[in-house]
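Asks: One file: structure-v2.cif (mmCIF, C-alpha atoms and all ligand atoms).
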data_target
loop_
_atom_site.label_atom_id
_atom_site.label_comp_id
_atom_site.auth_asym_id
_atom_site.auth_seq_id
_atom_site.Cartn_x
_atom_site.Cartn_y
_atom_site.Cartn_z
CA MET A 26 23.22 5.89 15.06
CA GLU A 27 24.28 5.71 18.71
CA THR A 28 28.03 5.38 18.66
CA ALA A 29 28.46 2.60 21.23
CA ARG A 30 25.77 0.27 19.95
CA ALA A 31 25.72 -2.07 16.97
CA SER A 32 23.02 -1.40 14.39
CA ARG A 33 19.67 -3.15 15.04
CA THR A 34 18.41 -2.23 11.57
CA ALA A 35 21.28 -4.33 10.17
CA VAL A 36 19.78 -7.31 12.00
CA LEU A 37 16.28 -6.43 10.80
CA VAL A 38 17.23 -6.39 7.11
CA CYS A 39 19.24 -9.59 7.53
CA GLN A 40 16.13 -11.18 9.02
CA GLY A 41 14.14 -9.86 6.05
CA ARG A 42 16.45 -11.67 3.63
CA ALA A 43 16.19 -14.86 5.71
CA VAL A 44 12.39 -14.61 5.61
CA ALA A 45 12.41 -14.28 1.80
CA ASP A 46 15.00 -16.99 1.10
CA GLY A 47 13.45 -19.76 -0.98
CA ARG A 48 10.06 -18.03 -0.88
CA ALA A 49 10.23 -15.02 -3.20
CA ALA A 50 11.65 -14.58 -6.71
CA VAL A 51 13.07 -18.09 -6.52
CA GLY A 52 15.76 -18.51 -9.18
CA ARG A 53 16.65 -14.79 -8.98
CA PHE A 54 16.91 -14.23 -5.24
CA ALA A 55 18.50 -16.53 -2.67
CA ASP A 56 20.19 -15.74 0.62
CA PRO A 57 20.83 -18.95 2.55
CA VAL A 58 23.63 -17.24 4.50
CA ALA A 59 21.38 -14.63 6.16
CA VAL A 60 19.92 -17.07 8.69
CA ARG A 61 23.42 -18.14 9.69
CA LEU A 62 24.28 -14.60 10.82
CA LEU A 63 21.31 -14.45 13.17
CA GLU A 64 21.07 -15.30 16.85
CA ASP A 65 18.54 -17.81 18.19
CA ASP A 66 15.83 -15.30 19.16
CA GLU A 67 16.19 -13.51 15.80
CA ARG A 68 15.94 -16.86 13.97
CA ARG A 69 12.81 -17.68 15.91
CA GLU A 70 11.19 -14.45 14.66
CA VAL A 71 12.16 -15.39 11.11
CA ALA A 72 10.50 -18.78 11.55
CA LEU A 73 7.32 -17.06 12.80
CA ALA A 74 7.30 -14.78 9.74
CA ARG A 75 7.76 -17.75 7.39
CA ALA A 76 4.95 -19.75 9.03
CA ALA A 77 1.60 -19.99 7.27
CA ASP A 78 -0.39 -18.87 10.31
CA ASP A 79 -0.13 -15.53 12.07
CA PRO A 80 0.94 -15.67 15.73
CA ALA A 81 -1.81 -15.07 18.30
CA ASP A 82 0.38 -12.87 20.51
CA VAL A 83 0.02 -9.20 19.54
CA ARG A 84 3.72 -8.40 19.94
CA GLU A 85 4.78 -11.35 17.85
CA ARG A 86 2.24 -10.34 15.27
CA LEU A 87 3.70 -6.83 15.02
CA ILE A 88 7.18 -8.30 14.61
CA VAL A 89 5.99 -10.72 11.94
CA GLU A 90 4.16 -8.03 9.99
CA ARG A 91 7.22 -5.83 9.94
CA LEU A 92 9.50 -8.70 8.91
CA ARG A 93 7.24 -9.65 6.01
CA ALA A 94 7.18 -6.04 4.81
CA VAL A 95 10.97 -5.75 5.12
CA ALA A 96 11.41 -9.04 3.22
CA GLU A 97 9.62 -7.64 0.16
CA GLY A 98 12.01 -4.71 -0.08
CA MET A 99 15.06 -6.91 0.53
CA VAL A 100 14.34 -9.17 -2.45
CA ALA A 101 14.16 -6.26 -4.89
CA ARG A 102 17.15 -4.35 -3.60
CA THR A 103 19.35 -7.42 -3.16
CA VAL A 104 18.80 -8.66 -6.72
CA ALA A 105 19.26 -5.18 -8.24
CA ILE A 106 22.54 -4.67 -6.36
CA ASP A 107 23.83 -8.22 -6.98
CA ASP A 108 23.20 -7.72 -10.70
CA ALA A 109 24.97 -4.34 -10.72
CA ILE A 110 28.04 -5.84 -9.00
CA ALA A 111 28.15 -8.74 -11.47
CA ASP A 112 27.64 -6.44 -14.49
CA ALA A 113 30.47 -4.12 -13.39
CA GLY A 114 32.77 -7.12 -12.92
CA HIS A 115 35.34 -5.15 -10.93
CA ARG A 116 38.05 -6.78 -8.81
CA GLN A 117 37.50 -4.27 -5.98
CA VAL A 118 34.15 -3.91 -4.24
CA VAL A 119 33.61 -1.60 -1.27
CA ILE A 120 30.46 -2.19 0.77
CA LEU A 121 29.71 0.96 2.78
CA GLY A 122 27.71 0.33 5.98
CA ALA A 123 27.94 -3.41 5.38
CA GLY A 124 26.03 -4.51 8.50
CA LEU A 125 25.14 -8.17 8.04
CA ASP A 126 25.42 -8.04 4.24
CA THR A 127 25.98 -11.68 3.22
CA ARG A 128 27.54 -10.97 -0.19
CA PRO A 129 31.13 -11.78 0.82
CA TRP A 130 29.98 -15.32 1.67
CA ARG A 131 27.42 -15.98 -1.04
CA LEU A 132 27.87 -13.80 -4.18
CA ALA A 133 29.81 -15.66 -6.88
CA ALA A 134 30.76 -12.36 -8.54
CA LEU A 135 32.99 -11.63 -5.53
CA ARG A 136 34.99 -14.84 -5.84
CA ASP A 137 37.85 -13.15 -7.72
CA ALA A 138 37.50 -9.79 -6.04
CA VAL A 139 38.68 -8.15 -2.87
CA THR A 140 35.72 -6.93 -0.87
CA PHE A 141 36.14 -4.13 1.66
CA ALA A 142 33.36 -4.27 4.24
CA VAL A 143 33.19 -0.78 5.74
CA ASP A 144 30.98 -0.20 8.74
CA HIS A 145 30.57 1.69 11.96
CA PRO A 146 33.04 0.07 14.43
CA ALA A 147 30.30 -1.15 16.82
CA SER A 148 28.27 -2.78 14.05
CA GLN A 149 31.36 -4.24 12.48
CA ALA A 150 32.60 -5.85 15.69
CA GLU A 151 29.26 -7.61 16.06
CA ALA A 152 29.15 -8.65 12.38
CA ARG A 153 32.63 -10.18 12.67
CA GLU A 154 31.57 -12.23 15.68
CA ARG A 155 28.47 -13.47 13.91
CA ALA A 156 30.41 -14.41 10.78
CA ALA A 157 33.33 -16.02 12.60
CA ASP A 158 32.50 -19.53 11.33
CA LEU A 159 31.96 -18.53 7.70
CA THR A 160 34.55 -18.51 4.93
CA PRO A 161 34.34 -15.68 2.39
CA LEU A 162 34.35 -16.63 -1.31
CA GLY A 163 37.09 -14.11 -2.14
CA ARG A 164 39.37 -11.85 -0.12
CA LEU A 165 37.51 -9.90 2.55
CA GLU A 166 38.88 -6.92 4.45
CA PHE A 167 36.99 -5.39 7.36
CA VAL A 168 37.36 -1.60 7.59
CA PRO A 169 35.88 0.04 10.71
CA VAL A 170 34.79 3.59 9.83
CA ASP A 171 32.18 5.92 11.31
CA LEU A 172 31.09 7.79 8.19
CA SER A 173 29.97 10.72 10.37
CA THR A 174 33.33 11.30 12.04
CA ASP A 175 36.13 9.33 10.36
CA ASP A 176 37.96 9.78 7.04
CA LEU A 177 37.02 7.01 4.63
CA GLY A 178 40.00 7.48 2.28
CA PRO A 179 42.89 6.83 4.72
CA ALA A 180 41.02 3.86 6.24
CA LEU A 181 40.66 2.30 2.79
CA THR A 182 44.32 2.99 1.99
CA ARG A 183 45.37 1.17 5.16
CA ALA A 184 43.15 -1.78 4.17
CA GLY A 185 44.81 -2.02 0.74
CA HIS A 186 42.20 -0.41 -1.54
CA ASP A 187 43.79 0.72 -4.82
CA PRO A 188 42.33 4.01 -6.12
CA ALA A 189 44.03 3.47 -9.49
CA ALA A 190 41.86 0.42 -10.24
CA PRO A 191 38.11 0.67 -10.79
CA THR A 192 35.88 0.03 -7.80
CA THR A 193 32.25 -0.95 -7.38
CA TRP A 194 30.84 0.96 -4.42
CA VAL A 195 27.79 -0.57 -2.73
CA TRP A 196 25.81 1.70 -0.44
CA GLU A 197 22.70 -0.18 0.58
CA GLY A 198 20.27 0.87 3.29
CA VAL A 199 22.67 3.39 4.84
CA VAL A 200 21.98 6.78 3.21
CA PRO A 201 18.78 7.46 5.24
CA TYR A 202 20.68 7.01 8.51
CA LEU A 203 23.25 9.69 7.62
CA THR A 204 22.75 13.45 7.53
CA ALA A 205 22.73 15.08 4.09
CA GLY A 206 26.14 16.56 4.93
CA ASP A 207 27.59 13.13 5.74
CA VAL A 208 26.12 11.70 2.53
CA ARG A 209 27.73 14.50 0.51
CA ALA A 210 31.07 14.04 2.25
CA THR A 211 30.98 10.27 1.65
CA VAL A 212 30.22 10.68 -2.07
CA ALA A 213 33.12 13.16 -2.32
CA ALA A 214 35.44 10.71 -0.52
CA LEU A 215 34.53 7.73 -2.70
CA ALA A 216 34.72 9.81 -5.89
CA GLU A 217 38.31 10.75 -5.00
CA ARG A 218 39.18 7.04 -4.99
CA SER A 219 37.21 6.16 -8.13
CA ALA A 220 39.27 5.26 -11.17
CA PRO A 221 37.52 5.72 -14.55
CA GLY A 222 34.72 3.18 -14.98
CA SER A 223 34.08 2.82 -11.26
CA VAL A 224 30.45 2.21 -10.40
CA ALA A 225 28.42 3.50 -7.45
CA VAL A 226 25.33 1.51 -6.48
CA VAL A 227 23.29 3.65 -4.12
CA GLN A 228 20.16 2.44 -2.39
CA TYR A 229 18.29 5.37 -0.87
CA GLN A 230 14.85 6.50 0.33
CA THR A 231 12.75 9.27 -1.17
CA ARG A 232 10.75 11.72 0.91
CA SER A 233 7.17 10.67 1.47
CA TRP A 234 4.73 12.10 3.95
CA THR A 235 2.80 8.83 4.13
CA ALA A 236 5.94 6.71 4.63
CA THR A 237 7.18 9.02 7.42
CA ALA A 238 3.75 8.98 9.08
CA GLY A 239 3.54 5.18 8.74
CA ARG A 240 6.99 4.77 10.27
CA ARG A 241 6.05 7.02 13.21
CA LEU A 242 2.75 5.23 13.74
CA SER A 243 4.30 1.78 13.74
CA GLY A 244 6.95 3.07 16.20
CA LEU A 245 4.21 4.35 18.46
CA VAL A 246 2.29 1.06 18.34
CA MET A 247 5.48 -0.84 19.16
CA ARG A 248 6.21 1.47 22.08
CA LEU A 249 2.67 1.21 23.45
CA THR A 250 2.72 -2.58 23.23
CA ARG A 251 6.28 -2.71 24.61
CA THR A 252 7.49 -4.51 21.52
CA PRO A 253 11.24 -4.12 20.91
CA ASP A 254 11.62 -1.77 17.92
CA PRO A 255 14.88 -2.00 15.94
CA LEU A 256 14.05 1.30 14.20
CA ALA A 257 13.75 3.30 17.42
CA ALA A 258 17.43 4.17 17.89
CA GLU A 259 18.18 4.73 14.20
CA PRO A 260 16.07 7.59 12.86
CA TRP A 261 16.08 8.56 9.19
CA ARG A 262 18.23 11.65 8.72
CA SER A 263 18.25 12.24 4.97
CA LEU A 264 15.81 11.47 2.17
CA TRP A 265 16.61 12.24 -1.47
CA SER A 266 14.68 12.76 -4.67
CA PRO A 267 16.08 10.97 -7.74
CA THR A 268 16.97 14.41 -9.16
CA ALA A 269 18.86 15.47 -6.03
CA MET A 270 20.72 12.14 -5.88
CA ALA A 271 21.63 12.32 -9.59
CA ARG A 272 22.85 15.91 -9.12
CA LEU A 273 25.00 14.97 -6.13
CA LEU A 274 26.54 12.05 -8.00
CA ALA A 275 27.11 14.19 -11.13
CA GLU A 276 28.92 16.84 -9.04
CA HIS A 277 31.44 14.11 -8.28
CA GLY A 278 31.79 12.67 -11.78
CA PHE A 279 29.20 9.88 -11.63
CA ALA A 280 26.50 9.68 -14.33
CA VAL A 281 23.37 7.80 -13.32
CA VAL A 282 22.74 4.87 -15.67
CA THR A 283 19.62 3.48 -13.98
CA ASP A 284 17.54 4.54 -11.00
CA ASP A 285 14.54 2.33 -10.26
CA ASP A 286 12.13 2.14 -7.38
CA LEU A 287 11.80 -1.18 -5.56
CA LEU A 288 8.20 -1.65 -6.68
CA ALA A 289 9.28 -1.60 -10.34
CA ILE A 290 12.12 -4.04 -9.59
CA ALA A 291 9.80 -6.35 -7.62
CA GLY A 292 7.37 -6.24 -10.57
CA ARG A 293 10.08 -7.35 -13.00
CA LEU A 294 11.07 -10.17 -10.62
CA GLY A 295 7.48 -11.23 -10.02
CA SER A 296 8.20 -11.05 -6.29
CA PRO A 297 5.56 -10.15 -3.67
CA ALA A 298 4.69 -6.45 -3.48
CA ALA A 299 1.89 -6.05 -0.96
CA HIS A 300 3.59 -3.05 0.68
CA ARG A 301 3.50 -0.90 -2.43
CA ARG A 302 3.95 2.45 -0.69
CA SER A 303 7.10 1.44 1.09
CA LEU A 304 8.51 -0.26 -2.02
CA THR A 305 7.86 2.88 -4.08
CA ASN A 306 9.92 5.00 -1.69
CA GLY A 307 13.04 2.84 -1.85
CA ARG A 308 15.29 3.20 -4.90
CA VAL A 309 18.48 1.75 -6.33
CA ALA A 310 20.62 4.05 -8.47
CA VAL A 311 23.54 2.73 -10.50
CA ALA A 312 26.01 5.40 -11.62
CA ARG A 313 29.25 5.16 -13.60
CA HIS A 314 32.31 7.35 -13.06
CA ARG A 315 33.70 9.05 -16.16
C1 LIG B 1 19.93 -0.91 7.71
S1 LIG B 1 21.59 -1.33 8.02
C2 LIG B 1 22.07 -1.83 6.39
C3 LIG B 1 23.17 -2.85 6.41
C4 LIG B 1 23.54 -3.43 5.06
N1 LIG B 1 24.03 -2.44 4.15
C5 LIG B 1 22.37 -4.17 4.45
O1 LIG B 1 21.70 -3.62 3.57
O2 LIG B 1 22.12 -5.29 4.89
C6 LIG B 1 22.37 0.23 8.23
C7 LIG B 1 23.89 0.15 8.31
O3 LIG B 1 24.40 1.48 8.27
C8 LIG B 1 25.49 1.54 9.16
N2 LIG B 1 25.70 2.93 9.56
C9 LIG B 1 24.81 3.79 10.08
N3 LIG B 1 25.40 4.94 10.42
C10 LIG B 1 26.72 4.78 10.11
C11 LIG B 1 27.87 5.60 10.23
N4 LIG B 1 27.80 6.82 10.75
N5 LIG B 1 29.06 5.12 9.80
C12 LIG B 1 29.15 3.87 9.28
N6 LIG B 1 28.10 3.04 9.13
C13 LIG B 1 26.91 3.50 9.55
C14 LIG B 1 25.07 0.68 10.33
O4 LIG B 1 26.18 0.29 11.12
C15 LIG B 1 24.40 -0.48 9.60
O5 LIG B 1 25.31 -1.51 9.31
#
Let me see the file written as structure tokens.
Replies:
Amino acid sequence: METARASRTAVLVCQGRAVADGRAAVGRFADPVAVRLLEDDERREVALARAADDPADVRERLIVERLRAVAEGMVARTVAIDDAIADAGHRQVVILGAGLDTRPWRLAALRDAVTFAVDHPASQAEARERAADLTPLGRLEFVPVDLSTDDLGPALTRAGHDPAAPTTWVWEGVVPYLTAGDVRATVAALAERSAPGSVAVVQYQTRSWTATAGRRLSGLVMRLTRTPDPLAAEPWRSLWSPTAMARLLAEHGFAVVTDDDLLAIAGRLGSPAAHRRSLTNGRVAVARHR
């Protein structure tokens, strides 16, 4: 990620949740807060994606198609992660690369917890502005950290995180944007602060030739049509097989309990799954520290 600029993919996934709210897996998925974190032009795109008819303008159509695809993945990963947080029931939750994650303002399981929202300083400054009018359900601490250059541990200590109490770590939609070395260093840093029973919830992408080609092609089409592309400045830097992710977590004392792809989760939820290939490449692993 460019260091001076807030994440555009954070906006994109927030828009995806706003598109899906009240439309997909109703009763299991709801994110009424997502739309409140968006700016007017971003909200307008959400409205276009929720409309029954496709827009006539080619650029708007590209934006709408991407938003609808993103929305499918957001439903599955949001429910899987919400459930894992509630099941763990810990009083400390650290969201790594929080972006415009709405959980502090909407997830009942966080009511009695302290949530540490860790993010790149540029993204975090923007998220704080967008959320200025919202009241978190529990205690919320913002922790600006660039996971590529800063030490996570001391920043969490300063924010009041207690390594002696179990923590639920949420790492959603961030791993692909970090190098493998930064992912390893982050797992080592969070493991050092994980009391027995701590849980790591890791959402990551697997390697897929077709997904990479599809991503490049859609980037090219957006460039050629001069459509703003939120993915352009945030390339994927590391993709992991379930075996490699389980091995990395095990090296740091975490045993994987479940690791499902988003297509399987969407199937269980009965939520839309038209973009099967992209859903298959996204996974949510839940691992428990010994
Ligand atoms: C796709 S967004 C996901 C946001 C949020 N977790 C969600 O799922 O809605 C990617 C997030 O990773 C964060 N990120 C990327 N590189 C980072 C880094 N080096 N240090 C900290 N955060 C980073 C961005 O700031 C952004 O918030």
Asks: For chain A against ligand LIG 1 (chain B), with a cut-off of 9 Å and counting all atoms listed in the file, what is the closest atom pair and its distance in Å to one decimal for every residue that makes the cut, ordered by chain and number, as a Markdown table?
Replies:
| residue | atom | partner | partner_atom | distance |
| --- | --- | --- | --- | --- |
| A:Met26 | CA | B:LIG1 | N3 | 5.2 |
| A:Glu27 | CA | B:LIG1 | N3 | 8.4 |
| A:Thr28 | CA | B:LIG1 | N4 | 8.0 |
| A:Arg30 | CA | B:LIG1 | O4 | 8.8 |
| A:Ala31 | CA | B:LIG1 | O4 | 6.3 |
| A:Ser32 | CA | B:LIG1 | O4 | 4.9 |
| A:Arg33 | CA | B:LIG1 | S1 | 7.5 |
| A:Thr34 | CA | B:LIG1 | C1 | 4.4 |
| A:Ala35 | CA | B:LIG1 | S1 | 3.7 |
| A:Val36 | CA | B:LIG1 | S1 | 7.4 |
| A:Leu37 | CA | B:LIG1 | C1 | 7.3 |
| A:Val38 | CA | B:LIG1 | O2 | 5.5 |
| A:Cys39 | CA | B:LIG1 | O2 | 5.8 |
| A:Arg42 | CA | B:LIG1 | O2 | 8.6 |
| A:Met99 | CA | B:LIG1 | O1 | 8.0 |
| A:Arg102 | CA | B:LIG1 | O1 | 8.5 |
| A:Thr103 | CA | B:LIG1 | O1 | 8.1 |
| A:Ile120 | CA | B:LIG1 | N1 | 7.3 |
| A:Leu121 | CA | B:LIG1 | N1 | 6.8 |
| A:Gly122 | CA | B:LIG1 | C8 | 4.1 |
| A:Ala123 | CA | B:LIG1 | N1 | 4.2 |
| A:Gly124 | CA | B:LIG1 | O5 | 3.2 |
| A:Leu125 | CA | B:LIG1 | O2 | 5.2 |
| A:Asp126 | CA | B:LIG1 | O2 | 4.3 |
| A:Thr127 | CA | B:LIG1 | O2 | 7.6 |
| A:Val143 | CA | B:LIG1 | C12 | 7.1 |
| A:Asp144 | CA | B:LIG1 | N6 | 4.4 |
| A:His145 | CA | B:LIG1 | C12 | 3.7 |
| A:Pro146 | CA | B:LIG1 | C12 | 7.5 |
| A:Ala147 | CA | B:LIG1 | O4 | 7.2 |
| A:Ser148 | CA | B:LIG1 | O4 | 4.7 |
| A:Gln149 | CA | B:LIG1 | O4 | 7.0 |
| A:Ala152 | CA | B:LIG1 | O5 | 8.7 |
| A:Pro169 | CA | B:LIG1 | C12 | 7.9 |
| A:Val170 | CA | B:LIG1 | C12 | 5.7 |
| A:Asp171 | CA | B:LIG1 | N5 | 3.6 |
| A:Leu172 | CA | B:LIG1 | N5 | 3.7 |
| A:Ser173 | CA | B:LIG1 | N4 | 4.5 |
| A:Thr174 | CA | B:LIG1 | N4 | 7.2 |
| A:Asp175 | CA | B:LIG1 | N5 | 8.2 |
| A:Val195 | CA | B:LIG1 | N1 | 8.1 |
| A:Trp196 | CA | B:LIG1 | N1 | 6.4 |
| A:Glu197 | CA | B:LIG1 | N1 | 4.4 |
| A:Gly198 | CA | B:LIG1 | C2 | 4.5 |
| A:Val199 | CA | B:LIG1 | O3 | 4.3 |
| A:Val200 | CA | B:LIG1 | O3 | 7.7 |
| A:Pro201 | CA | B:LIG1 | C9 | 8.6 |
| A:Tyr202 | CA | B:LIG1 | C9 | 5.5 |
| A:Leu203 | CA | B:LIG1 | N3 | 5.9 |
| A:Thr204 | CA | B:LIG1 | N4 | 8.9 |
| A:Asp207 | CA | B:LIG1 | N4 | 8.1 |
| A:Gln228 | CA | B:LIG1 | O1 | 8.6 |
| A:Glu259 | CA | B:LIG1 | C9 | 7.9 |
Asks: Given the choices A:Tyr229, A:Ala109, A:Arg131, A:Thr268, which gets closest to A:Thr160 if the distance is worked out from all atoms listed in the file?
Replies: A:Arg131
Asks: Using all atoms listed in the file, which residues of stretch 30-118 of chain A come within 8 Å of stretch 290-296 of chain A, and what is the closest atom pair for each, with the distance in Å to one decimal? Give it as a Markdown table, sorted by chain and residue number.
Replies:
| residue | atom | partner | partner_atom | distance |
| --- | --- | --- | --- | --- |
| A:Ala49 | CA | A:Ser296 | CA | 5.4 |
| A:Ala50 | CA | A:Ser296 | CA | 5.0 |
| A:Arg53 | CA | A:Leu294 | CA | 7.4 |
| A:Glu97 | CA | A:Ser296 | CA | 7.4 |
| A:Val100 | CA | A:Ala291 | CA | 7.4 |
| A:Ala101 | CA | A:Ala291 | CA | 5.1 |
| A:Arg102 | CA | A:Ile290 | CA | 7.8 |
| A:Ala105 | CA | A:Ile290 | CA | 7.4 |
Asks: So that I can see what lies close to A:Ala257, please list as a list of chain:residue names the residues with an atom at most 10 Å from it, counting only C-alpha atoms and leaving out residues fewer than 5 positions away in the same chain.
Replies: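 Returned residues: A:Arg33, A:Thr34, A:Arg240, A:Arg241, A:Gly244, A:Leu245, A:Met247, A:Arg248.
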Asks: Would you put the residues from that selection into a file with C-alpha atoms, as an mmCIF file, keeping the file's coordinate frame?
Replies:
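Just written: out_30.cif:
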data_model
loop_
_atom_site.group_PDB
_atom_site.id
_atom_site.type_symbol
_atom_site.label_atom_id
_atom_site.label_comp_id
_atom_site.auth_asym_id
_atom_site.auth_seq_id
_atom_site.Cartn_x
_atom_site.Cartn_y
_atom_site.Cartn_z
ATOM 1 C CA ARG A 33 19.670 -3.150 15.040
ATOM 2 C CA THR A 34 18.410 -2.230 11.570
ATOM 3 C CA ARG A 240 6.990 4.770 10.270
ATOM 4 C CA ARG A 241 6.050 7.020 13.210
ATOM 5 C CA GLY A 244 6.950 3.070 16.200
ATOM 6 C CA LEU A 245 4.210 4.350 18.460
ATOM 7 C CA MET A 247 5.480 -0.840 19.160
ATOM 8 C CA ARG A 248 6.210 1.470 22.080
#
Asks: Could you please determine the separation between atom CA of A:His300 and atom CA of A:Arg68 in Å, to one decimal place?
Replies: 22.8 Å
Asks: Of the candidates A:Val282, A:Val246, A:Ala258, A:Ala180, which shows the shortest atom-to-atom distance to A:Ile88, using all atoms listed in the file?
Replies: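 Smallest separation from A:Ile88 among the options: A:Val246.
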Asks: Might you pull out every residue within 12 Å of A:Ala216, with all atoms listed in the file counted and same-chain residues fewer than 5 positions away left off, and present them as an MDAnalysis selection string?
Replies: chainID A and resid 177:178 188:189 191:194 209:211 221:225 273:280 312:315
